[in-house]
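Shown here: protein-v5.pdb, PDB, C-alpha atoms.
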```
ATOM      1  CA  MET A   1      25.566 -46.675  -8.545
ATOM      2  CA  PHE A   2      24.992 -42.906  -8.446
ATOM      3  CA  LYS A   3      27.938 -40.929  -9.832
ATOM      4  CA  HIS A   4      26.477 -37.483 -10.512
ATOM      5  CA  ILE A   5      23.574 -35.967  -8.599
ATOM      6  CA  ILE A   6      21.904 -32.678  -9.503
ATOM      7  CA  VAL A   7      19.793 -30.595  -7.126
ATOM      8  CA  PRO A   8      17.560 -27.992  -8.827
ATOM      9  CA  LEU A   9      17.144 -24.963  -6.548
ATOM     10  CA  ASP A  10      14.944 -21.884  -6.743
ATOM     11  CA  GLY A  11      16.405 -19.915  -3.829
ATOM     12  CA  SER A  12      13.837 -21.045  -1.270
ATOM     13  CA  SER A  13      14.658 -22.800   1.997
ATOM     14  CA  LEU A  14      12.053 -25.427   1.049
ATOM     15  CA  ALA A  15      14.021 -26.419  -2.063
ATOM     16  CA  GLU A  16      17.227 -26.497   0.004
ATOM     17  CA  ASN A  17      15.799 -29.416   2.014
ATOM     18  CA  ALA A  18      17.026 -31.653  -0.812
ATOM     19  CA  CYS A  19      20.688 -30.685  -0.285
ATOM     20  CA  ALA A  20      21.400 -32.738   2.843
ATOM     21  CA  VAL A  21      19.914 -35.852   1.216
ATOM     22  CA  ALA A  22      21.916 -35.337  -1.980
ATOM     23  CA  ILE A  23      25.112 -34.867   0.003
ATOM     24  CA  SER A  24      24.585 -37.988   2.120
ATOM     25  CA  LEU A  25      24.027 -40.020  -1.066
ATOM     26  CA  ALA A  26      27.087 -38.433  -2.674
ATOM     27  CA  ARG A  27      29.213 -39.524   0.289
ATOM     28  CA  LEU A  28      27.728 -42.999   0.147
ATOM     29  CA  PHE A  29      28.503 -43.471  -3.555
ATOM     30  CA  SER A  30      31.483 -41.087  -3.970
ATOM     31  CA  ALA A  31      29.375 -39.050  -6.372
ATOM     32  CA  GLU A  32      29.712 -35.431  -7.444
ATOM     33  CA  VAL A  33      26.890 -32.957  -6.833
ATOM     34  CA  THR A  34      25.739 -30.061  -9.007
ATOM     35  CA  LEU A  35      23.523 -27.360  -7.511
ATOM     36  CA  LEU A  36      21.451 -25.996 -10.382
ATOM     37  CA  HIS A  37      19.442 -22.808 -10.798
ATOM     38  CA  LEU A  38      17.533 -21.855 -13.942
ATOM     39  CA  LEU A  39      16.609 -18.277 -14.712
ATOM     40  CA  GLU A  40      12.988 -17.899 -15.816
ATOM     41  CA  GLU A  41      11.294 -15.607 -18.263
ATOM     42  CA  ASN A  42       8.765 -13.424 -16.452
ATOM     43  CA  PRO A  43       9.618 -14.968 -13.056
ATOM     44  CA  PRO A  44       7.215 -14.605 -10.115
ATOM     45  CA  ALA A  45       8.241 -12.109  -7.457
ATOM     46  CA  ASN A  46       8.016 -14.752  -4.709
ATOM     47  CA  ILE A  47       8.492 -18.502  -4.514
ATOM     48  CA  HIS A  48       7.189 -20.471  -1.503
ATOM     49  CA  GLY A  49       6.859 -17.211   0.421
ATOM     50  CA  GLU A  50      10.429 -16.067  -0.310
ATOM     51  CA  ARG A  51      11.863 -13.678  -2.889
ATOM     52  CA  HIS A  52      12.500 -15.365  -6.217
ATOM     53  CA  LEU A  53      16.012 -15.255  -7.737
ATOM     54  CA  ALA A  54      15.563 -13.451 -11.048
ATOM     55  CA  GLU A  55      19.064 -12.180 -11.963
ATOM     56  CA  ARG A  56      22.157 -14.164 -12.944
ATOM     57  CA  GLU A  57      24.510 -12.384 -10.508
ATOM     58  CA  GLU A  58      22.052 -12.856  -7.653
ATOM     59  CA  ALA A  59      21.632 -16.581  -8.434
ATOM     60  CA  GLU A  60      25.394 -17.145  -8.703
ATOM     61  CA  GLU A  61      26.001 -15.441  -5.351
ATOM     62  CA  TYR A  62      23.195 -17.479  -3.778
ATOM     63  CA  LEU A  63      24.685 -20.795  -4.941
ATOM     64  CA  LYS A  64      28.197 -19.785  -3.813
ATOM     65  CA  ASP A  65      26.840 -18.810  -0.409
ATOM     66  CA  LEU A  66      24.928 -22.087  -0.171
ATOM     67  CA  CYS A  67      28.122 -24.014  -0.942
ATOM     68  CA  ARG A  68      29.866 -22.136   1.867
ATOM     69  CA  ARG A  69      27.019 -22.886   4.261
ATOM     70  CA  LEU A  70      27.091 -26.571   3.343
ATOM     71  CA  ASP A  71      30.845 -26.552   4.096
ATOM     72  CA  ILE A  72      31.611 -29.642   2.050
ATOM     73  CA  GLU A  73      35.299 -30.278   1.471
ATOM     74  CA  ASP A  74      35.276 -34.028   0.916
ATOM     75  CA  LEU A  75      33.002 -33.928  -2.161
ATOM     76  CA  GLN A  76      33.027 -32.559  -5.679
ATOM     77  CA  LEU A  77      30.420 -29.829  -5.348
ATOM     78  CA  HIS A  78      29.585 -27.668  -8.384
ATOM     79  CA  CYS A  79      27.343 -24.649  -8.872
ATOM     80  CA  HIS A  80      25.648 -23.956 -12.184
ATOM     81  CA  VAL A  81      23.359 -21.107 -13.215
ATOM     82  CA  HIS A  82      21.711 -21.584 -16.580
ATOM     83  CA  GLU A  83      21.939 -18.067 -17.939
ATOM     84  CA  GLU A  84      19.475 -18.264 -20.817
ATOM     85  CA  ALA A  85      16.028 -17.674 -19.342
ATOM     86  CA  VAL A  86      13.592 -20.545 -19.813
ATOM     87  CA  THR A  87       9.823 -20.544 -20.161
ATOM     88  CA  ASP A  88       9.451 -24.142 -18.944
ATOM     89  CA  VAL A  89      11.470 -24.960 -15.813
ATOM     90  CA  ALA A  90      10.813 -28.713 -15.954
ATOM     91  CA  ARG A  91      12.044 -29.000 -19.539
ATOM     92  CA  GLY A  92      15.007 -26.806 -18.623
ATOM     93  CA  ILE A  93      16.003 -29.200 -15.841
ATOM     94  CA  VAL A  94      15.615 -32.178 -18.161
ATOM     95  CA  ALA A  95      17.801 -30.471 -20.790
ATOM     96  CA  HIS A  96      20.653 -30.712 -18.304
ATOM     97  CA  GLU A  97      20.405 -34.487 -18.423
ATOM     98  CA  GLN A  98      22.349 -34.224 -21.695
ATOM     99  CA  GLU A  99      24.549 -31.341 -20.519
ATOM    100  CA  VAL A 100      25.818 -32.724 -17.202
ATOM    101  CA  ALA A 101      24.709 -36.399 -17.524
ATOM    102  CA  PRO A 102      23.317 -36.932 -14.009
ATOM    103  CA  ASP A 103      22.084 -40.337 -12.888
ATOM    104  CA  LEU A 104      19.924 -38.930 -10.067
ATOM    105  CA  ILE A 105      17.896 -35.759  -9.535
ATOM    106  CA  VAL A 106      17.006 -34.789  -5.955
ATOM    107  CA  MET A 107      14.143 -32.355  -5.354
ATOM    108  CA  SER A 108      12.025 -31.284  -2.411
ATOM    109  CA  SER A 109       8.309 -31.912  -2.343
ATOM    110  CA  HIS A 110       6.291 -28.729  -2.077
ATOM    111  CA  GLY A 111       3.834 -29.929   0.513
ATOM    112  CA  PRO A 112       0.144 -30.980   0.338
ATOM    113  CA  LYS A 113      -1.426 -31.121  -3.117
ATOM    114  CA  ARG A 114      -4.601 -29.207  -3.826
ATOM    115  CA  PHE A 115      -6.972 -30.285  -6.592
ATOM    116  CA  GLU A 116      -5.633 -27.730  -9.074
ATOM    117  CA  HIS A 117      -2.098 -28.937  -8.278
ATOM    118  CA  LEU A 118      -3.125 -32.492  -9.137
ATOM    119  CA  ILE A 119      -4.592 -31.314 -12.435
ATOM    120  CA  ARG A 120      -1.567 -29.229 -13.466
ATOM    121  CA  GLY A 121       1.020 -31.571 -12.060
ATOM    122  CA  SER A 122       3.902 -30.722  -9.705
ATOM    123  CA  LEU A 123       7.321 -29.674 -11.000
ATOM    124  CA  PRO A 124       8.956 -33.015  -9.977
ATOM    125  CA  GLN A 125       6.174 -34.932 -11.783
ATOM    126  CA  GLN A 126       6.846 -32.918 -14.919
ATOM    127  CA  VAL A 127      10.610 -33.491 -14.675
ATOM    128  CA  VAL A 128      10.089 -37.263 -14.433
ATOM    129  CA  SER A 129       7.611 -37.144 -17.306
ATOM    130  CA  PHE A 130       9.952 -35.341 -19.688
ATOM    131  CA  GLY A 131      13.185 -37.114 -18.717
ATOM    132  CA  LYS A 132      14.706 -40.535 -18.110
ATOM    133  CA  THR A 133      16.695 -39.898 -14.918
ATOM    134  CA  PRO A 134      15.458 -41.292 -11.567
ATOM    135  CA  LEU A 135      14.174 -38.557  -9.258
ATOM    136  CA  LEU A 136      14.283 -38.657  -5.477
ATOM    137  CA  LEU A 137      11.425 -36.620  -4.006
ATOM    138  CA  VAL A 138      12.340 -35.448  -0.500
ATOM    139  CA  PRO A 139       9.459 -34.685   1.927
ATOM    140  CA  ALA A 140       8.787 -31.019   2.589
ATOM    141  CA  ALA A 141       9.107 -31.696   6.337
ATOM    142  CA  THR A 142      12.685 -32.999   6.026
ATOM    143  CA  ILE A 143      15.047 -31.391   8.565
ATOM    144  CA  PRO A 144      17.629 -29.564   6.410
ATOM    145  CA  ASP A 145      20.747 -30.589   8.371
ATOM    146  CA  ARG A 146      19.677 -34.190   9.004
ATOM    147  CA  PRO A 147      20.385 -36.832   6.322
ATOM    148  CA  LEU A 148      17.498 -39.003   5.197
ATOM    149  CA  ALA A 149      17.632 -42.501   6.673
ATOM    150  CA  LEU A 150      17.735 -45.193   4.003
ATOM    151  CA  ARG A 151      17.612 -48.376   6.054
ATOM    152  CA  ARG A 152      14.056 -49.563   5.284
ATOM    153  CA  LEU A 153      13.092 -49.558   1.618
ATOM    154  CA  LEU A 154       9.615 -50.327   0.271
ATOM    155  CA  VAL A 155       9.472 -51.525  -3.354
ATOM    156  CA  PRO A 156       6.048 -51.953  -5.017
ATOM    157  CA  LEU A 157       6.345 -54.485  -7.863
ATOM    158  CA  ASP A 158       3.859 -56.052 -10.262
ATOM    159  CA  GLY A 159       6.010 -58.693 -11.968
ATOM    160  CA  GLN A 160       6.384 -56.793 -15.252
ATOM    161  CA  THR A 161       9.838 -57.022 -16.797
ATOM    162  CA  GLN A 162       9.861 -53.275 -17.494
ATOM    163  CA  HIS A 163       9.943 -52.695 -13.741
ATOM    164  CA  GLU A 164      13.143 -54.689 -13.250
ATOM    165  CA  ARG A 165      15.171 -51.456 -13.337
ATOM    166  CA  THR A 166      13.339 -50.370 -10.195
ATOM    167  CA  PHE A 167      14.202 -53.623  -8.429
ATOM    168  CA  ALA A 168      17.855 -53.354  -9.522
ATOM    169  CA  ILE A 169      18.158 -49.808  -8.124
ATOM    170  CA  ALA A 170      16.497 -50.858  -4.861
ATOM    171  CA  LYS A 171      18.823 -53.834  -4.558
ATOM    172  CA  ASP A 172      21.961 -51.726  -5.132
ATOM    173  CA  LEU A 173      20.788 -49.121  -2.641
ATOM    174  CA  ALA A 174      20.089 -51.772   0.006
ATOM    175  CA  LEU A 175      23.540 -53.279  -0.543
ATOM    176  CA  ALA A 176      25.177 -49.859  -0.135
ATOM    177  CA  THR A 177      23.252 -48.992   3.050
ATOM    178  CA  ASN A 178      22.953 -52.511   4.480
ATOM    179  CA  GLY A 179      19.248 -51.798   4.414
ATOM    180  CA  THR A 180      16.144 -53.951   4.560
ATOM    181  CA  LEU A 181      13.946 -54.377   1.495
ATOM    182  CA  PHE A 182      10.202 -54.960   1.672
ATOM    183  CA  LEU A 183       8.573 -56.011  -1.596
ATOM    184  CA  LEU A 184       4.891 -55.292  -2.120
ATOM    185  CA  SER A 185       2.516 -56.534  -4.792
ATOM    186  CA  VAL A 186      -1.027 -55.169  -4.870
ATOM    187  CA  VAL A 187      -3.879 -57.048  -6.559
ATOM    188  CA  VAL A 188      -6.819 -54.739  -7.249
ATOM    189  CA  ARG A 189     -10.313 -55.801  -6.197
ATOM    190  CA  PRO A 190     -12.701 -56.305  -9.164
ATOM    191  CA  SER A 191     -14.948 -53.542  -7.815
ATOM    192  CA  GLU A 192     -12.022 -51.118  -7.905
ATOM    193  CA  LEU A 193     -10.732 -51.761 -11.416
ATOM    194  CA  TRP A 194     -10.264 -48.758 -13.701
ATOM    195  CA  GLY A 195     -11.227 -48.033 -17.314
ATOM    196  CA  GLU A 196     -11.697 -50.963 -19.718
ATOM    197  CA  ARG A 197     -10.900 -53.495 -17.005
ATOM    198  CA  ALA A 198     -13.809 -52.145 -14.943
ATOM    199  CA  THR A 199     -16.165 -52.665 -17.904
ATOM    200  CA  VAL A 200     -14.988 -56.255 -18.354
ATOM    201  CA  SER A 201     -15.380 -56.877 -14.624
ATOM    202  CA  ARG A 202     -18.962 -55.599 -14.705
ATOM    203  CA  TYR A 203     -20.073 -57.867 -17.564
ATOM    204  CA  LEU A 204     -17.848 -60.904 -16.904
ATOM    205  CA  PRO A 205     -17.471 -61.087 -13.115
ATOM    206  CA  GLY A 206     -16.669 -64.796 -13.057
ATOM    207  CA  SER A 207     -13.853 -64.475 -15.563
ATOM    208  CA  THR A 208     -12.502 -61.418 -13.790
ATOM    209  CA  TRP A 209     -12.402 -63.246 -10.470
ATOM    210  CA  ALA A 210     -10.526 -66.163 -12.039
ATOM    211  CA  LEU A 211      -8.008 -63.770 -13.552
ATOM    212  CA  GLN A 212      -7.535 -62.119 -10.159
ATOM    213  CA  GLN A 213      -6.745 -65.477  -8.579
ATOM    214  CA  GLN A 214      -4.237 -66.218 -11.331
ATOM    215  CA  ALA A 215      -2.656 -62.818 -10.710
ATOM    216  CA  MET A 216      -2.290 -63.625  -7.003
ATOM    217  CA  GLU A 217      -0.552 -66.923  -7.773
ATOM    218  CA  SER A 218       1.703 -65.332 -10.379
ATOM    219  CA  GLN A 219       2.709 -62.536  -8.039
ATOM    220  CA  GLN A 220       3.393 -64.993  -5.233
ATOM    221  CA  HIS A 221       5.805 -66.915  -7.472
ATOM    222  CA  TYR A 222       7.446 -63.692  -8.660
ATOM    223  CA  LEU A 223       8.004 -62.374  -5.134
ATOM    224  CA  GLU A 224       9.436 -65.693  -3.972
ATOM    225  CA  GLN A 225      12.002 -65.527  -6.784
ATOM    226  CA  ARG A 226      12.988 -61.964  -5.881
ATOM    227  CA  LEU A 227      13.265 -62.835  -2.174
ATOM    228  CA  ALA A 228      15.544 -65.777  -2.956
ATOM    229  CA  GLU A 229      17.751 -63.471  -5.033
ATOM    230  CA  LEU A 230      17.996 -60.938  -2.209
ATOM    231  CA  LYS A 231      18.781 -63.546   0.412
ATOM    232  CA  GLN A 232      21.582 -64.941  -1.767
ATOM    233  CA  LEU A 233      23.130 -61.468  -1.577
ATOM    234  CA  GLY A 234      22.843 -61.505   2.206
ATOM    235  CA  LEU A 235      20.147 -58.837   2.324
ATOM    236  CA  GLU A 236      17.339 -58.817   4.856
ATOM    237  CA  ALA A 237      14.043 -58.805   2.979
ATOM    238  CA  GLY A 238      10.333 -59.461   3.278
ATOM    239  CA  ALA A 239       7.366 -59.496   0.916
ATOM    240  CA  GLU A 240       3.598 -59.215   0.951
ATOM    241  CA  ILE A 241       0.711 -59.520  -1.489
ATOM    242  CA  ALA A 242      -2.065 -57.107  -0.609
ATOM    243  CA  TYR A 243      -5.601 -56.877  -1.952
ATOM    244  CA  GLY A 244      -7.149 -53.444  -2.502
ATOM    245  CA  LYS A 245      -6.599 -50.039  -4.070
ATOM    246  CA  VAL A 246      -3.004 -49.647  -5.166
ATOM    247  CA  ALA A 247      -2.000 -46.130  -4.035
ATOM    248  CA  PRO A 248      -3.646 -46.260  -0.569
ATOM    249  CA  THR A 249      -2.218 -49.748  -0.021
ATOM    250  CA  ILE A 250       1.305 -48.579  -0.865
ATOM    251  CA  ALA A 251       0.968 -45.597   1.480
ATOM    252  CA  ARG A 252      -0.490 -47.753   4.260
ATOM    253  CA  THR A 253       2.263 -50.370   3.877
ATOM    254  CA  ALA A 254       4.921 -47.638   3.985
ATOM    255  CA  ARG A 255       3.544 -46.550   7.362
ATOM    256  CA  LYS A 256       3.213 -50.113   8.642
ATOM    257  CA  THR A 257       6.767 -51.091   7.691
ATOM    258  CA  GLU A 258       8.150 -47.696   8.812
ATOM    259  CA  ALA A 259       9.761 -47.341   5.398
ATOM    260  CA  ASP A 260      12.317 -44.564   4.965
ATOM    261  CA  LEU A 261      11.939 -44.598   1.191
ATOM    262  CA  ILE A 262       9.451 -45.854  -1.401
ATOM    263  CA  ILE A 263      11.101 -46.907  -4.677
ATOM    264  CA  MET A 264       8.649 -47.218  -7.544
ATOM    265  CA  ALA A 265       8.415 -47.086 -11.320
ATOM    266  CA  THR A 266       6.452 -44.398 -13.107
ATOM    267  CA  HIS A 267       5.119 -44.149 -16.644
ATOM    268  CA  GLY A 268       5.854 -40.437 -16.647
ATOM    269  CA  LYS A 269       2.328 -39.051 -16.642
ATOM    270  CA  PHE A 270       1.617 -35.757 -14.904
ATOM    271  CA  GLY A 271      -1.178 -33.264 -14.389
ATOM    272  CA  SER A 272      -4.532 -34.047 -15.990
ATOM    273  CA  GLU A 273      -3.034 -36.971 -17.924
ATOM    274  CA  ALA A 274      -1.943 -38.614 -14.677
ATOM    275  CA  PHE A 275      -5.223 -37.731 -12.966
ATOM    276  CA  TRP A 276      -7.445 -39.301 -15.622
ATOM    277  CA  ALA A 277      -5.100 -42.245 -16.281
ATOM    278  CA  ASN A 278      -5.206 -43.142 -12.577
ATOM    279  CA  SER A 279      -1.419 -42.721 -12.313
ATOM    280  CA  ILE A 280      -0.256 -44.719  -9.294
ATOM    281  CA  ALA A 281       2.933 -42.717  -8.689
ATOM    282  CA  ALA A 282       1.056 -39.403  -8.753
ATOM    283  CA  ARG A 283      -1.573 -40.716  -6.328
ATOM    284  CA  VAL A 284       0.976 -42.210  -3.930
ATOM    285  CA  GLN A 285       2.657 -38.788  -3.717
ATOM    286  CA  GLY A 286      -0.643 -37.345  -2.523
ATOM    287  CA  LYS A 287      -1.117 -39.991   0.179
ATOM    288  CA  THR A 288       2.254 -40.224   1.926
ATOM    289  CA  SER A 289       4.860 -37.998   3.543
ATOM    290  CA  LYS A 290       7.585 -40.559   2.847
ATOM    291  CA  ALA A 291      10.483 -39.919   0.494
ATOM    292  CA  ILE A 292       9.865 -41.428  -2.941
ATOM    293  CA  LEU A 293      12.402 -42.481  -5.557
ATOM    294  CA  LEU A 294      10.638 -42.361  -8.939
ATOM    295  CA  VAL A 295      12.176 -44.475 -11.694
ATOM    296  CA  PRO A 296      10.950 -43.529 -15.212
ATOM    297  CA  LEU A 297      10.069 -46.434 -17.480
TER     298      LEU A 297
END
```

Can I see the file as structure tokens?
Amino acid sequence: MFKHIIVPLDGSSLAENACAVAISLARLFSAEVTLLHLLEENPPANIHGERHLAEREEAEEYLKDLCRRLDIEDLQLHCHVHEEAVTDVARGIVAHEQEVAPDLIVMSSHGPKRFEHLIRGSLPQQVVSFGKTPLLLVPAATIPDRPLALRRLLVPLDGQTQHERTFAIAKDLALATNGTLFLLSVVVRPSELWGERATVSRYLPGSTWALQQQAMESQQHYLEQRLAELKQLGLEAGAEIAYGKVAPTIARTARKTEADLIIMATHGKFGSEAFWANSIAARVQGKTSKAILLVPL
């Protein structure tokens, strides 16, 4: 499944939280891991309250020391410092998708999101937006030396064929971990529709309600098909159709099911574009402390 995992690091202990998760996944899938640091043009003096790595020699020594601290002898562990300073860190990380061909990026969340953070977009959101590689966002509160449990997986689905990649990744991960999958489909209330759909709902409430009922029936059929597929593989699985706002419902269901990981598709919007487009992935990130695996469409 995953054969090459990269972990972008900035020298902070917060970013290092992603290492234990990447290593546990590497052991699970016999994957190699690359610890990556990009030098920045005009770098800030501090990052997350710690001194920022601004020189090549300093960054190389940091990564070598981190490898020693991780003490990993059973894995292929590489260190890479991109020497040419970049002006855009997110695009620099994505450029390494062609250079080292990873199939997973693991990054640490940087804690609660303020309004200006939502407008600009977080670094992981930008990486997903610019690239095509799935990104695992590790909670900021993750204990560095404790691997992330991956036994209960929540998968929001809406029946669209373009989201089948998300279901396939979730299925493979559950097979590898002998985990339990919980499928969730959320049907939005007419009063909570967004954009053009809200306008239609306001002027044609009867038609909108009929369409909502059809959506419920369609989603029920879709989830039943997916459950049958999972049970044929011997996986433990459950499913639910919920009615309400999508992002809060996903976050609430993650708490209710005690999910270790939320696996969801994203259209790659970030910052103000995600804010005004009502991006579900961006809003879920602001409402949960769970780990999230974002799969770009």

* To do: Go ahead and compute the interatomic distance for CA of Glu258 (chain A) and CA of Arg151 (chain A), in Å to one decimal.
  => 9.9 Å

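CA of Leu14 (chain A) sits 22.0 Å away from CA of Glu32 (chain A).
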
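CA of His4 (chain A) is positioned 16.0 Å from CA of Val295 (chain A).
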
* **Counting only C-alpha atoms, the residue of A:Thr177, A:Ser108, A:Thr87, A:Asn17 that sits nearest Phe29 (chain A)** =>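 That would be A:Thr177, the residue with the smallest distance to Phe29 (chain A).
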
* Can you list what the PyMOL selection byres ((chain A and resi 35) around 8) grabs from this structure, as JSON, numbers by chain? -> {"A": [6, 7, 8, 9, 33, 34, 36, 37, 63, 77, 78, 79, 80]}

* **Of the listed residues A:His267, A:Arg152, A:Arg283, A:Arg226, that which approaches Glu164 (chain A) most closely, counting all atoms listed in the file** =>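 Nearest candidate to Glu164 (chain A) out of A:His267, A:Arg152, A:Arg283, A:Arg226: A:Arg226.
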
* Starting from the shown file, work through the PyMOL selection byres ((chain A and resi 96) around 12) and note down what comes out as a ChimeraX atom specification. => /A:4-8,34-38,80-82,89-95,97-105,127,130-133

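Applied to the shown file, the PyMOL selection byres ((chain A and resi 245) around 8) selects the residues A:Val186, A:Val187, A:Val188, A:Arg189, A:Glu192, A:Tyr243, A:Gly244, A:Val246, A:Ala247, A:Pro248, A:Thr249.
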
* Identify which of the residues A:Met216, A:Val128, A:Ala251, A:Leu154 lies closest to Thr266 (chain A), counting all atoms listed in the file when measuring atom-to-atom distances. => A:Val128

* Asked: Taking all atoms listed in the file into account, which of A:Leu136, A:Ile262, A:Leu123, A:Ala20 comes nearest Ile72 (chain A)?
  -> A:Ala20

Residue contacts of Ala15 (chain A) (10 Å, only C-alpha atoms) excluding same-chain residues fewer than 2 positions away, as a PDB file with C-alpha atoms, in the frame of the given file:
```pdb
ATOM      1  CA  VAL A   7      19.793 -30.595  -7.126  1.00  0.00           C
ATOM      2  CA  PRO A   8      17.560 -27.992  -8.827  1.00  0.00           C
ATOM      3  CA  LEU A   9      17.144 -24.963  -6.548  1.00  0.00           C
ATOM      4  CA  ASP A  10      14.944 -21.884  -6.743  1.00  0.00           C
ATOM      5  CA  GLY A  11      16.405 -19.915  -3.829  1.00  0.00           C
ATOM      6  CA  SER A  12      13.837 -21.045  -1.270  1.00  0.00           C
ATOM      7  CA  SER A  13      14.658 -22.800   1.997  1.00  0.00           C
ATOM      8  CA  ASN A  17      15.799 -29.416   2.014  1.00  0.00           C
ATOM      9  CA  ALA A  18      17.026 -31.653  -0.812  1.00  0.00           C
ATOM     10  CA  CYS A  19      20.688 -30.685  -0.285  1.00  0.00           C
ATOM     11  CA  ILE A  47       8.492 -18.502  -4.514  1.00  0.00           C
ATOM     12  CA  HIS A  48       7.189 -20.471  -1.503  1.00  0.00           C
ATOM     13  CA  VAL A 106      17.006 -34.789  -5.955  1.00  0.00           C
ATOM     14  CA  MET A 107      14.143 -32.355  -5.354  1.00  0.00           C
ATOM     15  CA  SER A 108      12.025 -31.284  -2.411  1.00  0.00           C
ATOM     16  CA  SER A 109       8.309 -31.912  -2.343  1.00  0.00           C
ATOM     17  CA  HIS A 110       6.291 -28.729  -2.077  1.00  0.00           C
ATOM     18  CA  VAL A 138      12.340 -35.448  -0.500  1.00  0.00           C
ATOM     19  CA  ALA A 140       8.787 -31.019   2.589  1.00  0.00           C
ATOM     20  CA  PRO A 144      17.629 -29.564   6.410  1.00  0.00           C
TER      21      PRO A 144
END
```

Which centre and which edge lengths, in Å to one decimal, describe the axis-aligned box that holds all listed atoms of region 128-134 of chain A after 5 Å is added on each side, as JSON?
```
{"center_x": 12.2, "center_y": -38.3, "center_z": -15.6, "size_x": 19.1, "size_y": 16.0, "size_z": 18.1}
```
